[in-house]
Amino acid sequence: MDINISSHLRALRTAVPLVHNITNFVVMNNTANALLAVGASPVMAHAIEEIDQVVSLAGALVINIGTLSPDWARSMLRAADRANELQIPWVLDPVGAGISTLRNDTLFQLLNRNPTVIRGNASEILAMHQVGTAGGKGVDSTETSDQALHAAKDLNQRYGSTVCVSGKIDYVVSDTHTAAIHNGHQLMQKVTGLGCTASALIAAFTALKTDVFQETISGMAITSIAGEQAARLAEGPGTLQLHFYDCLYKLDPQTVHRHLKIEINGPAS
Amino acid sequence: MDINISSHLRALRTAVPLVHNITNFVVMNNTANALLAVGASPVMAHAIEEIDQVVSLAGALVINIGTLSPDWARSMLRAADRANELQIPWVLDPVGAGISTLRNDTLFQLLNRNPTVIRGNASEILAMHQVGTAGGKGVDSTETSDQALHAAKDLNQRYGSTVCVSGKIDYVVSDTHTAAIHNGHQLMQKVTGLGCTASALIAAFTALKTDVFQETISGMAITSIAGEQAARLAEGPGTLQLHFYDCLYKLDPQTVHRHLKIEINGPAS
Amino acid sequence: MDINISSHLRALRTAVPLVHNITNFVVMNNTANALLAVGASPVMAHAIEEIDQVVSLAGALVINIGTLSPDWARSMLRAADRANELQIPWVLDPVGAGISTLRNDTLFQLLNRNPTVIRGNASEILAMHQVGTAGGKGVDSTETSDQALHAAKDLNQRYGSTVCVSGKIDYVVSDTHTAAIHNGHQLMQKVTGLGCTASALIAAFTALKTDVFQETISGMAITSIAGEQAARLAEGPGTLQLHFYDCLYKLDPQTVHRHLKIEINGPAS
């Protein structure tokens, strides 16, 4: 498989897709800035009264349950239904999966609407897997990358979603292939919301509607490459976040091509 | 007409007006920081139970519909009524005007409470004009500056509001005059919430209660001049946002005077 | 009394306590980043449906009423009850105390649940004192540090809370001692949410469950020392906020020891 992230990036900047975010209060500002910096256009809207109209304008949708409440959960389910109806790709970010019944129940209902992409860290993907197989009861405490990768593959089999497990190595799992991206920097973990940013950038790329697996790789890889470059310029997490937007904005196809470290295996076992 | 933005800036820093913001989740942090940096004092409060009390403490009010819900809309209408009753100036920022019935209906009700100032980009001002003339039905897709300026003038005639259309050139329209501000930098479009910041700074200046047209020009011009200076120091949108607060904080009357590029024509046709 | 902030900092970075925040929309992002930078782990959750479960996972809880509404107030009261039941320390940040009946009534109910720590500025602590003695009626307009210190001591006597009054000098009051911390920088007042950050860092230290008075001093002193260092690198409030996270992240026990300026008197009069 030939991944051409550079051409995805060019296509995204030409298309300037509108990305509708129903996301958490912590990262809304980050998400909007990252989408603007990469070349997309963000809209945030959560009231159920306007969900149908806003989803229908969007090229892609992000559902992020970071500061969930029942009202917002209802809007998320409605948005997922509407996106499916209109064949608009949507990305589920299961922030805090496993920490409460409210989150698990909502995730179970979202899973059953077959997200186009699911992106989380190892712990969240494992919790999602428990939700998907046990109806939202309990969270596994074991969280190795290998186990998360297994969970990702099973989630892909059950729900058809492309699954991205971000971490030291970022994995992207489709029904036939698994990609391992070796970019990023450990300081990125000290900045809140960079995982949520990856989900939003993945959504922006899925709006291209070419190949979800490749678009997911593009969104994740570009987040990790921009983070890696920002970390080189940073003195700590404050300066990293700042340089991240600059790097994302200035990222050119050559830089992506030069820095990308990826292995793709398939078909996935 | 002689615009003295420098003396407005001095007066604002002496008065330290309290600005009450009912604004969107994306920009709350930005707005608070910009108000502090320019020399005002921010308060954020949205619960209808405390609207009357908080409005009555404020020198000016911002109503920004960026992440609207029916509960917040009710508080906005109540706040506008209370501000009118107490003759407290208020600025309406119609973020996302035209994207949903919820937003258009709310904007229609807010318009009918005669905002002291309306500030939006060309697309939002055009949508507002449709809302104001057609009761919230439909959005015009044409969005040239000239058309927006016409819409701004008509909104001013109908509702008595000073109207600011921000963009490459920022226009401010009163019943007798039109100002065109040629400051700012295109990189500002890549930072979320700088338009919302302009609305908040305009509100801070209207708290001076001298001349709304001139105060609106001051708020808009200072946002654009600080943005222009920040852009000169910036490597991208991340560093721009950061330097923006520093520039706003350090902005002195001489710098404003030296950099301001403005034309004022009147009476407006 | 021998205060060992350096050993607290080492202990916190080893323990990586989970801090549950029910806080305001303006500062959520700041709070999360500050907790990550110092070495703790943040979780934000406000829906009453998940309060019991999330509190039970946490090492400490922050309740900050900055953008209060009745729904959130209910969750805050529930969280305080649950924290008390599980002997989880919690910090009350009374943002905007005195500006409305909603805030005062909620603060009165929270006070009666005996917060482990209360942290506010002089004006907020004075308003809290009025709330605590007059059942939420009125706000005193006098706000000198001396009066706030008296109010802090009385609040400590009545409710048993350790009380921190932050300002030019930061005071921490227990039933037997009063500490005065002479760190910090005046530019910190121009950045929104650094007071809220202090509350969150205090909470992170109280999760150590050794001595609340000393842990409160640690949280407050580390905020002020990091702010002081950031101010030295800053050109204004924008760069200060950024460097603040970097300084917090890089803060080492030697630096803390070298810069700390503290006096401790006791027993408190």
# chains A, B, ... in the order shown; residues from 1 in each chain; ligands from 1
>>> select_by_dssp(residues="range 2-188 of chain A", states="strand (DSSP E)", output="PyMOL selection string")
chain A and resi 18-22+41-44+60-64+90-93+117-121+162-166+170-173+178-181
>>> write_last_selection(atoms="N, CA, C and O atoms", output="short mmCIF file (atom, residue, chain, number, x, y, z; two decimals), in the first residue's frame")
data_model
loop_
_atom_site.label_atom_id
_atom_site.label_comp_id
_atom_site.auth_asym_id
_atom_site.auth_seq_id
_atom_site.Cartn_x
_atom_site.Cartn_y
_atom_site.Cartn_z
N LEU A 18 -15.33 21.81 6.18
CA LEU A 18 -15.95 22.25 7.42
C LEU A 18 -16.08 21.05 8.35
O LEU A 18 -16.68 20.04 7.99
N VAL A 19 -15.48 21.13 9.53
CA VAL A 19 -15.53 20.03 10.50
C VAL A 19 -16.40 20.45 11.68
O VAL A 19 -16.11 21.42 12.37
N HIS A 20 -17.48 19.69 11.88
CA HIS A 20 -18.40 19.96 12.99
C HIS A 20 -17.92 19.20 14.22
O HIS A 20 -17.76 17.98 14.18
N ASN A 21 -17.70 19.92 15.31
CA ASN A 21 -17.19 19.32 16.54
C ASN A 21 -18.22 19.38 17.65
O ASN A 21 -18.70 20.47 18.00
N ILE A 22 -18.57 18.22 18.19
CA ILE A 22 -19.29 18.18 19.47
C ILE A 22 -18.26 17.62 20.43
O ILE A 22 -18.02 16.42 20.50
N SER A 41 -11.80 24.13 8.39
CA SER A 41 -12.64 25.17 8.98
C SER A 41 -13.49 24.53 10.08
O SER A 41 -14.20 23.56 9.84
N PRO A 42 -13.40 25.02 11.32
CA PRO A 42 -14.13 24.40 12.41
C PRO A 42 -15.50 25.03 12.66
O PRO A 42 -15.66 26.24 12.49
N VAL A 43 -16.46 24.23 13.07
CA VAL A 43 -17.69 24.77 13.66
C VAL A 43 -18.01 23.94 14.90
O VAL A 43 -17.88 22.72 14.89
N MET A 44 -18.36 24.61 15.99
CA MET A 44 -18.74 23.95 17.23
C MET A 44 -20.23 24.20 17.44
O MET A 44 -20.66 25.35 17.44
N ALA A 60 -17.25 16.63 7.75
CA ALA A 60 -16.96 15.55 8.70
C ALA A 60 -17.40 16.01 10.08
O ALA A 60 -17.59 17.21 10.33
N LEU A 61 -17.53 15.02 10.99
CA LEU A 61 -18.05 15.27 12.33
C LEU A 61 -17.11 14.63 13.34
O LEU A 61 -16.60 13.53 13.12
N VAL A 62 -16.88 15.33 14.47
CA VAL A 62 -16.13 14.77 15.59
C VAL A 62 -17.07 14.66 16.78
O VAL A 62 -17.75 15.63 17.13
N ILE A 63 -17.12 13.49 17.41
CA ILE A 63 -17.86 13.32 18.66
C ILE A 63 -16.86 12.92 19.73
O ILE A 63 -16.22 11.87 19.65
N ASN A 64 -16.71 13.81 20.73
CA ASN A 64 -15.71 13.64 21.78
C ASN A 64 -16.43 13.78 23.12
O ASN A 64 -17.04 14.81 23.40
N TRP A 90 -17.58 10.27 10.43
CA TRP A 90 -17.50 10.81 11.79
C TRP A 90 -16.50 10.04 12.62
O TRP A 90 -16.32 8.84 12.47
N VAL A 91 -15.83 10.77 13.49
CA VAL A 91 -14.76 10.23 14.34
C VAL A 91 -15.23 10.27 15.79
O VAL A 91 -15.69 11.30 16.27
N LEU A 92 -15.10 9.13 16.47
CA LEU A 92 -15.46 9.06 17.89
C LEU A 92 -14.19 9.10 18.72
O LEU A 92 -13.28 8.30 18.53
N ASP A 93 -14.14 10.05 19.68
CA ASP A 93 -13.02 10.13 20.61
C ASP A 93 -13.56 9.80 22.01
O ASP A 93 -14.23 10.63 22.63
N VAL A 117 -14.42 6.28 12.26
CA VAL A 117 -13.12 6.11 12.91
C VAL A 117 -13.31 6.21 14.42
O VAL A 117 -14.13 7.00 14.90
N ILE A 118 -12.56 5.42 15.17
CA ILE A 118 -12.44 5.58 16.62
C ILE A 118 -10.97 5.88 16.91
O ILE A 118 -10.10 5.17 16.41
N ARG A 119 -10.70 6.96 17.67
CA ARG A 119 -9.31 7.22 18.08
C ARG A 119 -9.23 7.43 19.58
O ARG A 119 -9.96 8.24 20.15
N GLY A 120 -8.36 6.67 20.25
CA GLY A 120 -8.16 6.84 21.68
C GLY A 120 -6.78 6.37 22.07
O GLY A 120 -6.03 5.86 21.23
N ASN A 121 -6.42 6.56 23.34
CA ASN A 121 -5.16 5.97 23.81
C ASN A 121 -5.41 4.50 24.18
O ASN A 121 -6.56 4.02 24.10
N THR A 162 -12.57 2.08 11.40
CA THR A 162 -11.11 2.17 11.41
C THR A 162 -10.74 2.60 12.82
O THR A 162 -11.35 3.53 13.36
N VAL A 163 -9.77 1.93 13.45
CA VAL A 163 -9.45 2.23 14.84
C VAL A 163 -8.01 2.72 14.94
O VAL A 163 -7.09 2.09 14.41
N CYS A 164 -7.83 3.84 15.62
CA CYS A 164 -6.50 4.40 15.82
C CYS A 164 -6.19 4.39 17.33
O CYS A 164 -6.95 4.92 18.13
N VAL A 165 -5.09 3.74 17.69
CA VAL A 165 -4.62 3.72 19.08
C VAL A 165 -3.39 4.60 19.14
O VAL A 165 -2.34 4.24 18.60
N SER A 166 -3.51 5.75 19.78
CA SER A 166 -2.34 6.63 19.80
C SER A 166 -1.53 6.40 21.07
O SER A 166 -2.04 6.00 22.10
N ASP A 170 1.81 5.05 17.23
CA ASP A 170 0.39 5.21 16.88
C ASP A 170 0.01 4.10 15.90
O ASP A 170 0.65 3.96 14.85
N TYR A 171 -1.02 3.34 16.25
CA TYR A 171 -1.49 2.27 15.36
C TYR A 171 -2.78 2.69 14.67
O TYR A 171 -3.65 3.31 15.30
N VAL A 172 -2.91 2.30 13.41
CA VAL A 172 -4.18 2.48 12.70
C VAL A 172 -4.57 1.13 12.12
O VAL A 172 -3.77 0.50 11.42
N VAL A 173 -5.78 0.69 12.44
CA VAL A 173 -6.23 -0.66 12.09
C VAL A 173 -7.45 -0.61 11.18
O VAL A 173 -8.46 -0.01 11.54
N THR A 178 -2.73 -2.99 9.12
CA THR A 178 -2.36 -2.27 10.34
C THR A 178 -1.15 -1.41 10.05
O THR A 178 -0.15 -1.90 9.53
N ALA A 179 -1.28 -0.13 10.36
CA ALA A 179 -0.14 0.78 10.20
C ALA A 179 0.41 1.13 11.58
O ALA A 179 -0.34 1.25 12.54
N ALA A 180 1.74 1.25 11.65
CA ALA A 180 2.40 1.68 12.89
C ALA A 180 3.20 2.93 12.56
O ALA A 180 4.10 2.90 11.72
N ILE A 181 2.85 4.03 13.23
CA ILE A 181 3.51 5.32 12.97
C ILE A 181 4.47 5.60 14.12
O ILE A 181 4.06 5.60 15.28
#
>>> closest_residue(among="C:Leu242, C:Leu248, C:Ile99, C:Leu201", to="chain A", atoms="only C-alpha atoms")
C:Leu242
>>> interface_residues(of="chain A", to="chain C", cutoff="8 Å", atoms="only C-alpha atoms", output="VMD selection string")
chain A and resid 25 to 27 66 to 70 99 to 102 190 to 192 235 to 239 242
>>> select_by_dssp(residues="range 184-269 of chain B", states="alpha helix (DSSP H)", output="PyMOL selection string")
chain B and resi 194-206+212-233+237-250+253-259
>>> atom_distance(atom1="CA of Gly167 in chain B", atom2="CA of Met220 in chain B")
10.7 Å
>>> closest_residue(among="C:Leu110, C:Ala83, C:Ala122, C:Ala231", to="Ile65 in chain C", atoms="only C-alpha atoms")
C:Leu110
>>> atom_distance(atom1="CA of Phe213 in chain C", atom2="CA of Gly266 in chain C")
12.1 Å
>>> residues_around(residues="Arg158 in chain C", least_positions_apart="3", cutoff="10 Å", atoms="only C-alpha atoms", output="mmCIF file with N, CA, C and O atoms, in the first residue's frame")
data_model
loop_
_atom_site.group_PDB
_atom_site.id
_atom_site.type_symbol
_atom_site.label_atom_id
_atom_site.label_comp_id
_atom_site.auth_asym_id
_atom_site.auth_seq_id
_atom_site.Cartn_x
_atom_site.Cartn_y
_atom_site.Cartn_z
ATOM 1 N N LEU C 111 -19.771 25.777 51.978
ATOM 2 C CA LEU C 111 -19.089 26.057 53.256
ATOM 3 C C LEU C 111 -19.553 25.084 54.337
ATOM 4 O O LEU C 111 -18.751 24.587 55.135
ATOM 5 N N ASN C 112 -20.848 24.848 54.355
ATOM 6 C CA ASN C 112 -21.393 23.976 55.395
ATOM 7 C C ASN C 112 -21.025 22.511 55.204
ATOM 8 O O ASN C 112 -21.356 21.666 56.029
ATOM 9 N N ASN C 114 -17.820 21.980 54.827
ATOM 10 C CA ASN C 114 -16.452 22.054 55.361
ATOM 11 C C ASN C 114 -15.358 21.690 54.354
ATOM 12 O O ASN C 114 -14.728 20.629 54.446
ATOM 13 N N HIS C 129 -16.631 35.321 53.736
ATOM 14 C CA HIS C 129 -16.819 35.527 55.164
ATOM 15 C C HIS C 129 -18.216 36.069 55.444
ATOM 16 O O HIS C 129 -18.905 35.614 56.359
ATOM 17 N N GLY C 132 -20.581 33.305 55.024
ATOM 18 C CA GLY C 132 -20.501 32.361 56.144
ATOM 19 C C GLY C 132 -21.099 32.898 57.427
ATOM 20 O O GLY C 132 -21.548 32.121 58.281
ATOM 21 N N THR C 133 -21.124 34.217 57.565
ATOM 22 C CA THR C 133 -21.652 34.771 58.811
ATOM 23 C C THR C 133 -23.054 35.330 58.661
ATOM 24 O O THR C 133 -23.776 35.444 59.629
ATOM 25 N N ALA C 152 -10.207 35.287 56.861
ATOM 26 C CA ALA C 152 -9.676 33.940 56.647
ATOM 27 C C ALA C 152 -9.580 33.186 57.978
ATOM 28 O O ALA C 152 -9.946 32.000 58.069
ATOM 29 N N LYS C 153 -9.108 33.870 58.987
ATOM 30 C CA LYS C 153 -8.978 33.222 60.299
ATOM 31 C C LYS C 153 -10.345 32.841 60.856
ATOM 32 O O LYS C 153 -10.530 31.768 61.417
ATOM 33 N N ASP C 154 -11.312 33.740 60.655
ATOM 34 C CA ASP C 154 -12.650 33.444 61.153
ATOM 35 C C ASP C 154 -13.280 32.283 60.380
ATOM 36 O O ASP C 154 -13.931 31.404 60.978
ATOM 37 N N LEU C 155 -13.075 32.256 59.073
ATOM 38 C CA LEU C 155 -13.594 31.134 58.270
ATOM 39 C C LEU C 155 -12.958 29.826 58.740
ATOM 40 O O LEU C 155 -13.625 28.792 58.838
ATOM 41 N N SER C 161 -11.695 24.825 57.665
ATOM 42 C CA SER C 161 -10.928 24.789 56.413
ATOM 43 C C SER C 161 -9.597 25.519 56.561
ATOM 44 O O SER C 161 -9.517 26.539 57.244
#
>>> atom_distance(atom1="CA of Gly184 in chain A", atom2="CA of Ile225 in chain A")
5.8 Å
>>> closest_residue(among="A:Gln130, A:His177, A:Ser199, A:Phe205", to="Phe108 in chain A", atoms="only C-alpha atoms")
A:Gln130
